[in-house]
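Before any comments, here is the structure.
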Amino acid sequence: MRFSESWLRQYVNPSLSTEELVAQITMAGLEVDGVESASPEITGVVVGEIIAVEQHPDADKLRVCQVAGNGDAQTQVVCGASNARVGIKVPFATVGANLPEGFKIKKAKLRGVESMGMLCGQTELALGDDDSGLWELPADATVGQNLLDYLDLNDNIIEVDLTPNRADCLSIRGLAREVGVLNCEPVKQLEIDAVKASIKDSLTAVIEAPHACGRYAGRIVRGVDLTRPTPLWMQERLRRSGIRTLGPAVDVTNYVLLELGQPMHAFDLSKLDGDIVVRMGQNETLELLDDSKVKVAEDTLVIADQSQTLAMAGIMGGAASAVSNSTTDIFFESAWFDPIAIAGKARNYGKHTDSSHRFERGVDSELQVNAIERATALMLEICGGEAGPVTVAEATDHLPKPASIQLRDKHLAQQLGVTIPADEVDGMLTRLGLAQEQRDADSGTWQSPSWRFDLAIEQDLVEEVARVYGYNNLPVTTPAMAVEIKPSNEDVKPLNYFSDRLVSLGYQEAITYSFVDPEMMQIFDPQRQAVKVSNPISQDLSVMRTSLWPGLVSSAIHNLNRQQPRVRLFEVGQCFIPTDNKDAVAGLEQNLALGGLICGSRAPTGWCADKDAVDFYDLKGDLEAILSDNQSIDKLVFRAASHPALHPGQSAEILSNDQQVGWIGRLHPAVEAKLEISKPIYVFHVDISMINEFTSIKAQEVSKFPEVRRDLAFMVAVDVSAQQLIDEARAAAGKSLSDLKLFDVYHGKDVETKGKSIALGLTFQHSSRTLTDEEINKSIEKVVSQLNQVLGAELRS
């Protein structure tokens with residue numbers, strides 16, 4: 001929210017500089033995003049008055065004006081604005097004046113006529129959006145006065161970024177109340193007197209959706225003249241708050257929104273058909289004020305009359321009932337809508353507005369009538385007219401009830417680490433607007449004000465006292481407590497075990513959203529129907545991920561598109577798997593998964609590094625490396641299998657104890673083409689809960705006796721995998737086998753008829769004696785025999 005510092009100081013004016021004020025409210029939880037001057041960089045601009053106007057002798061569109069305001073004498077200025085006429089007061093940039101963007105006014109001749117300055121419009125001074133002609137100032141403006149002084153532009157614009165729970169500060173009155181509390185300063189109360197009804201005309205409102213609208217107030221004002229300009233002081237306050245002027249009716253409602261925090265709307269009464277109905281949408285089409293058309297869903301609250309939908313409640317009004325310069329009768333609306341009913345709706349329609357921003361966070365439920373009285377008074381003052389009575393429809397059971405909260409003195413001292421006198425605490429809470437219901441020696445009971453619906457429990461009051469007391473004033477203490485150190489289970493590895501291993505292998509950790517694009521999720525896991533998010537941040541983050549691959553691959557694409565030739569990423573995160581399990585929360589099982597991705601060159605660029613690209617076995621080796629201490633590593637199997645997102649010839653399911661724990665492989669060529677990936681990408685995905693049990697580290701004596709290695713090469717059929725050969729050889733070799741390595745695979749040209757050759761290296765060693773050739777030969781014979789019988793393997797000579 002942007003606001004004018006001078007406007008704030010009209011309500012409360014502590015003895016603080018701008019910098020001190022900004023620091024104070026930031027430390028109180030109202031973070032300041034920026035401070036800027038309300039005045040653009042202009043000098044030498046005064047209030048001028050056009051005394052005489054003559055037609056330029058050599059140009060139809062130019063006029064020669066005599067202008068007062070620069071000293072005692074009149075100044076001749078050539079002007080092309082169509083509204084230049086005698087008697088109006090306008091900004092006058094004298095010779096030597098500096099305008100925005102470095103534009104300097106100099107003496108000039110226009111079509112042979114001397115011009116000693118420039119008459120300005122709003123856009124030329126960067127003080128508004130009206131570029132239709134000269135900026136006509138009020139008739140009471142003092143001729144010759146510096147324009148910055150006249151407009152009170154010696155001001156600062158402060159922008160605060162409020163957390164969703166502090167909607168009470170989305171107004172000047174709310175901010176003033178907060179500053180007054182922090183400085184123990186009295187806050188000027190805005191006197192809002194009820195406007196006496198001079199006509200009897202009214203509209204009745206019927207609330208058909210009481211769960212969404214607890215109160216609806218309205219008032220008819222007839223005979224207004226909307227051709228009158230909005231007062232300059234109001235235009236300036238709106239401009240400094242980032243809101244452009246749109247005419248008196250809209251400007252008044254926007255002004256009340258900024259001043260009090262209550263969004264309002266003005267309807268053209270002549271365009272309404274009968275009384276007002278507050279109901280849910282009926283899938284009707286509504287043209288909005290921004291000229292767009294939306295189909296109003298059944299979960300959206302609307303304002304309607306007897307024949308048409310008028311507005312999306314709390315979001316935006318409809319074009320059919322909009323006010324214009326020809327409008328003479330208006331109907332003011334001021335309502336309280338439940339934040340739950342409005343939350344997310346504006347984003348669903350792409351229509352985030354100042355009103356929806358406030359209603360989503362919550363508006364003071366006692367403010368509606370005061371707001372409509374304030375708007376009526378301003379409208380009558382600016383545009384004249386006659387006001388009818390205020391009509392109010394309520395669903396009191398659905399209005400928020402003030403919370404009764406007990407604050408214990410000992411609990412407060414324990415939480416903050418400092419004892420604050422009870423009367424000082426009571427003073428803080430009273431200034432915050434809470435009403436004390438009861439006070440005893442040990443605690444006080446407080447009722448929250450209507451504008452602070454975020455105060456509900458004792459901890460909320462503790463936080464408020466800490467804010468007002470000042471976080472910087474709280475002591476820094478180290479808590480002391482007796483803590484029993486529990487034994488650590490070394491058989492289950494913590495998450496950082498996997499992270500540390502992968503980082504040591506050159507990977508970098510990625511953290512991606514749990515919400516993903518439904519199209520990406522369908523590409524990588526088409527077999528599961530991802531759960532949709534009820535209130536998504538955006539359409540491309542609208543489903544819960546069932547796999548880590550969408551986030552990792554998106555990160556890889558982002559890096560590849562920025563000339564990163566080598567990418568190695570991993571992520572540890574939750575996946576959300578739909579399930580029929582009745583015990584599951586929201587029909588989801590949360591699985592903690594580990595995912596990894598590599599692409600590009602095998603080694604970083606260097607003078608001694610090769611330029612070979614990574615392949616399936618690089619990723620498989622990395623995964624085996626991080627699981628090398630796993631008690632199931634010998635039972636970990638990579639079995640060729642097909643996955644919709646993986647290359648049919650370079651993919652495998654990962655099994656442990658014959659149970660699937662994950663997948664590994666290269667992305668399917670069709671996936672790479674669809675995502676416009678130029679390099680092969682290899683990925684793995686494993687369920688951590690199924691791989692994180694490890695054997696405890698035990699010391700073992702190194703054998704002093706020699707080891708013997710025998711290399712065997714076997715011819716096997718093409719469909720026999722190396723893993724099958726290794727498993728059978730290991731089972732047949734006996735206890736003396738200390739190591740078994742696959743060191744060669746050869747496919748001949750006639751592979752279809754003769755199969756392939758696989759070479760194994762078997763290492764034998766005994767821990768207490770030297771093995772004899774006879775023992776080793778027997779083990780080799782058993783291996784050869786077993787492989788021949790089970791797999792049809794033939795020993796090559």
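Residues in the structure tokens are named by chain (A, B, ... in the order shown) and by number from 1 within that chain; ligands are numbered from 1 in the order shown.
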
Problem - Residues within 9 Å of A:Val90, only C-alpha atoms, excluding chain neighbours under 6 positions, as a list in words - result: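 Contacts, in chain order: Val46, Val47, Gly48, Glu49, Ile50, Leu119, Cys120, Gly121, Leu134, Trp135, Glu136, Leu137 and Pro138 of chain A.
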
Using only N, CA, C and O atoms, please write the residues we just selected to a file, as a short mmCIF file (atom, residue, chain, number, x, y, z; two decimals), in the first residue's frame.
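And here is the file that came out, out.cif:
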data_model
loop_
_atom_site.label_atom_id
_atom_site.label_comp_id
_atom_site.auth_asym_id
_atom_site.auth_seq_id
_atom_site.Cartn_x
_atom_site.Cartn_y
_atom_site.Cartn_z
N VAL A 46 5.40 27.96 -11.47
CA VAL A 46 4.56 28.73 -10.56
C VAL A 46 3.10 28.63 -11.01
O VAL A 46 2.79 28.09 -12.08
N VAL A 47 2.21 29.16 -10.18
CA VAL A 47 0.80 29.29 -10.56
C VAL A 47 0.66 30.52 -11.45
O VAL A 47 1.00 31.65 -11.03
N GLY A 48 0.23 30.29 -12.67
CA GLY A 48 0.05 31.40 -13.60
C GLY A 48 -1.41 31.61 -13.94
O GLY A 48 -2.23 30.69 -13.84
N GLU A 49 -1.76 32.85 -14.35
CA GLU A 49 -3.12 33.15 -14.77
C GLU A 49 -3.08 33.78 -16.16
O GLU A 49 -2.29 34.69 -16.42
N ILE A 50 -3.91 33.27 -17.06
CA ILE A 50 -3.96 33.81 -18.42
C ILE A 50 -4.80 35.09 -18.40
O ILE A 50 -6.00 35.05 -18.07
N LEU A 119 3.16 26.90 -20.68
CA LEU A 119 1.99 26.54 -19.87
C LEU A 119 1.83 25.02 -19.93
O LEU A 119 1.90 24.42 -21.00
N CYS A 120 1.61 24.39 -18.78
CA CYS A 120 1.79 22.94 -18.66
C CYS A 120 0.50 22.18 -18.37
O CYS A 120 -0.42 22.69 -17.70
N GLY A 121 0.48 20.95 -18.83
CA GLY A 121 -0.55 19.98 -18.45
C GLY A 121 -0.01 19.03 -17.40
O GLY A 121 1.17 19.09 -17.02
N LEU A 134 -4.25 21.97 -20.98
CA LEU A 134 -3.64 22.60 -19.81
C LEU A 134 -4.30 22.09 -18.53
O LEU A 134 -5.49 21.76 -18.50
N TRP A 135 -3.50 22.05 -17.47
CA TRP A 135 -4.01 21.63 -16.15
C TRP A 135 -4.66 22.86 -15.50
O TRP A 135 -3.97 23.78 -15.09
N GLU A 136 -5.98 22.84 -15.43
CA GLU A 136 -6.70 23.97 -14.86
C GLU A 136 -6.74 23.84 -13.34
O GLU A 136 -7.36 22.92 -12.80
N LEU A 137 -6.09 24.80 -12.67
CA LEU A 137 -6.03 24.79 -11.21
C LEU A 137 -7.26 25.50 -10.64
O LEU A 137 -7.93 26.28 -11.35
N PRO A 138 -7.59 25.25 -9.38
CA PRO A 138 -8.75 25.92 -8.78
C PRO A 138 -8.63 27.44 -8.85
O PRO A 138 -7.52 28.01 -8.86
#

Practice task
Could you give me, as a list in words, the residues within 6 Å of stretch 275-280 of chain A, counting only C-alpha atoms and dropping anything in the same chain fewer than 6 positions from it?
Solution key: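 My list of contacting residues is Leu203, Thr204, Ala205, Val206, Ile207, Glu208, Ala209, Glu298, Thr300, Leu301, Val302, Ile303, Ala304 and Asp305 of chain A.
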
Exercise for the section: Show which residues sit within 10 Å of A:Ser404, as a VMD selection string. Count only C-alpha atoms, and ignore same-chain residues fewer than 2 positions away. Expected result: chain A and resid 401 to 402 406 434 to 437 445 to 448 455 to 458

Problem - Contacts of A:Arg467 within 9 Å, only C-alpha atoms, excl. fewer than 2 positions in-chain, as a list in words - result: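 Everything that qualifies: Met27, Ala28, Gly29, Leu182, Val462, Glu463, Glu464, Val465, Tyr469, Gly470 and Tyr471 of chain A.
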
Problem - Counting only C-alpha atoms, the option among A:Val637, A:Leu226, A:Val160, A:Val531 closest to A:Ala722 - result: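 Closest candidate: A:Val637.
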
Handout entry: Residue neighbourhood A:Ser678, 9 Å, only C-alpha atoms, exclusion window fewer than 3 positions, as a list in words
Key =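 Listing them by chain and then by number gives Leu560, Glu672 and Ala673 of chain A.
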
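Between A:Leu592 and the residues A:Met521, A:Arg222, A:Ile688, A:Gln659, the shortest atom-to-atom distance, using only C-alpha atoms, involves A:Ile688.
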
Practice task
Check the DSSP output for the backbone and give back, as a list in words, the residues of stretch 15-111 of chain A in alpha helix (DSSP H).
Solution key: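 Checking each residue of stretch 15-111 of chain A, the alpha helix (DSSP H) ones are Thr18, Glu19, Glu20, Leu21, Val22, Ala23, Gln24, Ile25, Thr26 and Met27 of chain A.
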
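With only C-alpha atoms as the basis for measurement, A:Ser628 is the residue among A:Gln122, A:Thr353, A:Ser6, A:Ser628 that approaches A:Arg501 most closely.
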
Exercise for the section: Please provide the set of residues having any atom within 7 Å of A:Asp268, restricted to only C-alpha atoms, with same-chain residues fewer than 4 positions apart removed, written as a count of residues only. Expected result: 7

Exercise for the section: Kindly indicate which residue among A:Ala625, A:Ala194, A:Val686, A:Ala395 lies nearest to A:Val661, using only C-alpha atoms for the distances. Expected result: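 Closest to A:Val661 of all the choices is A:Val686.
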
Practice task
State, in Å with one decimal place, the distance from atom CA of A:Val671 to atom CA of A:Leu541.
Solution key: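 Computing it gives 19.8 Å between the two atoms.
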
Exercise for the section: Please give the complete set of residues from stretch 14-77 of chain A that DSSP, run on the backbone, assigns to strand (DSSP E), formatted as a ChimeraX atom specification. Expected result: /A:31-37,43-55,63-69,71-77

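Of the residues under consideration (A:Gly242, A:Gly112, A:Pro210, A:Gly69), A:Gly242 shows the shortest atom-to-atom contact distance to A:Met1 when counting only C-alpha atoms.
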
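When atom CA of A:Asp491 is paired with atom CA of A:Ala699, their separation reads 15.5 Å.
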
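Closest approach to A:Asp130 from the set A:Leu675, A:Val468, A:Leu740, A:Leu246 is made by A:Leu246, with distances taken over only C-alpha atoms.
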
Practice task
Could you tell me how far atom CA of A:His265 lies from atom CA of A:Glu394, in Å and to one decimal?
Solution key: 18.1 Å
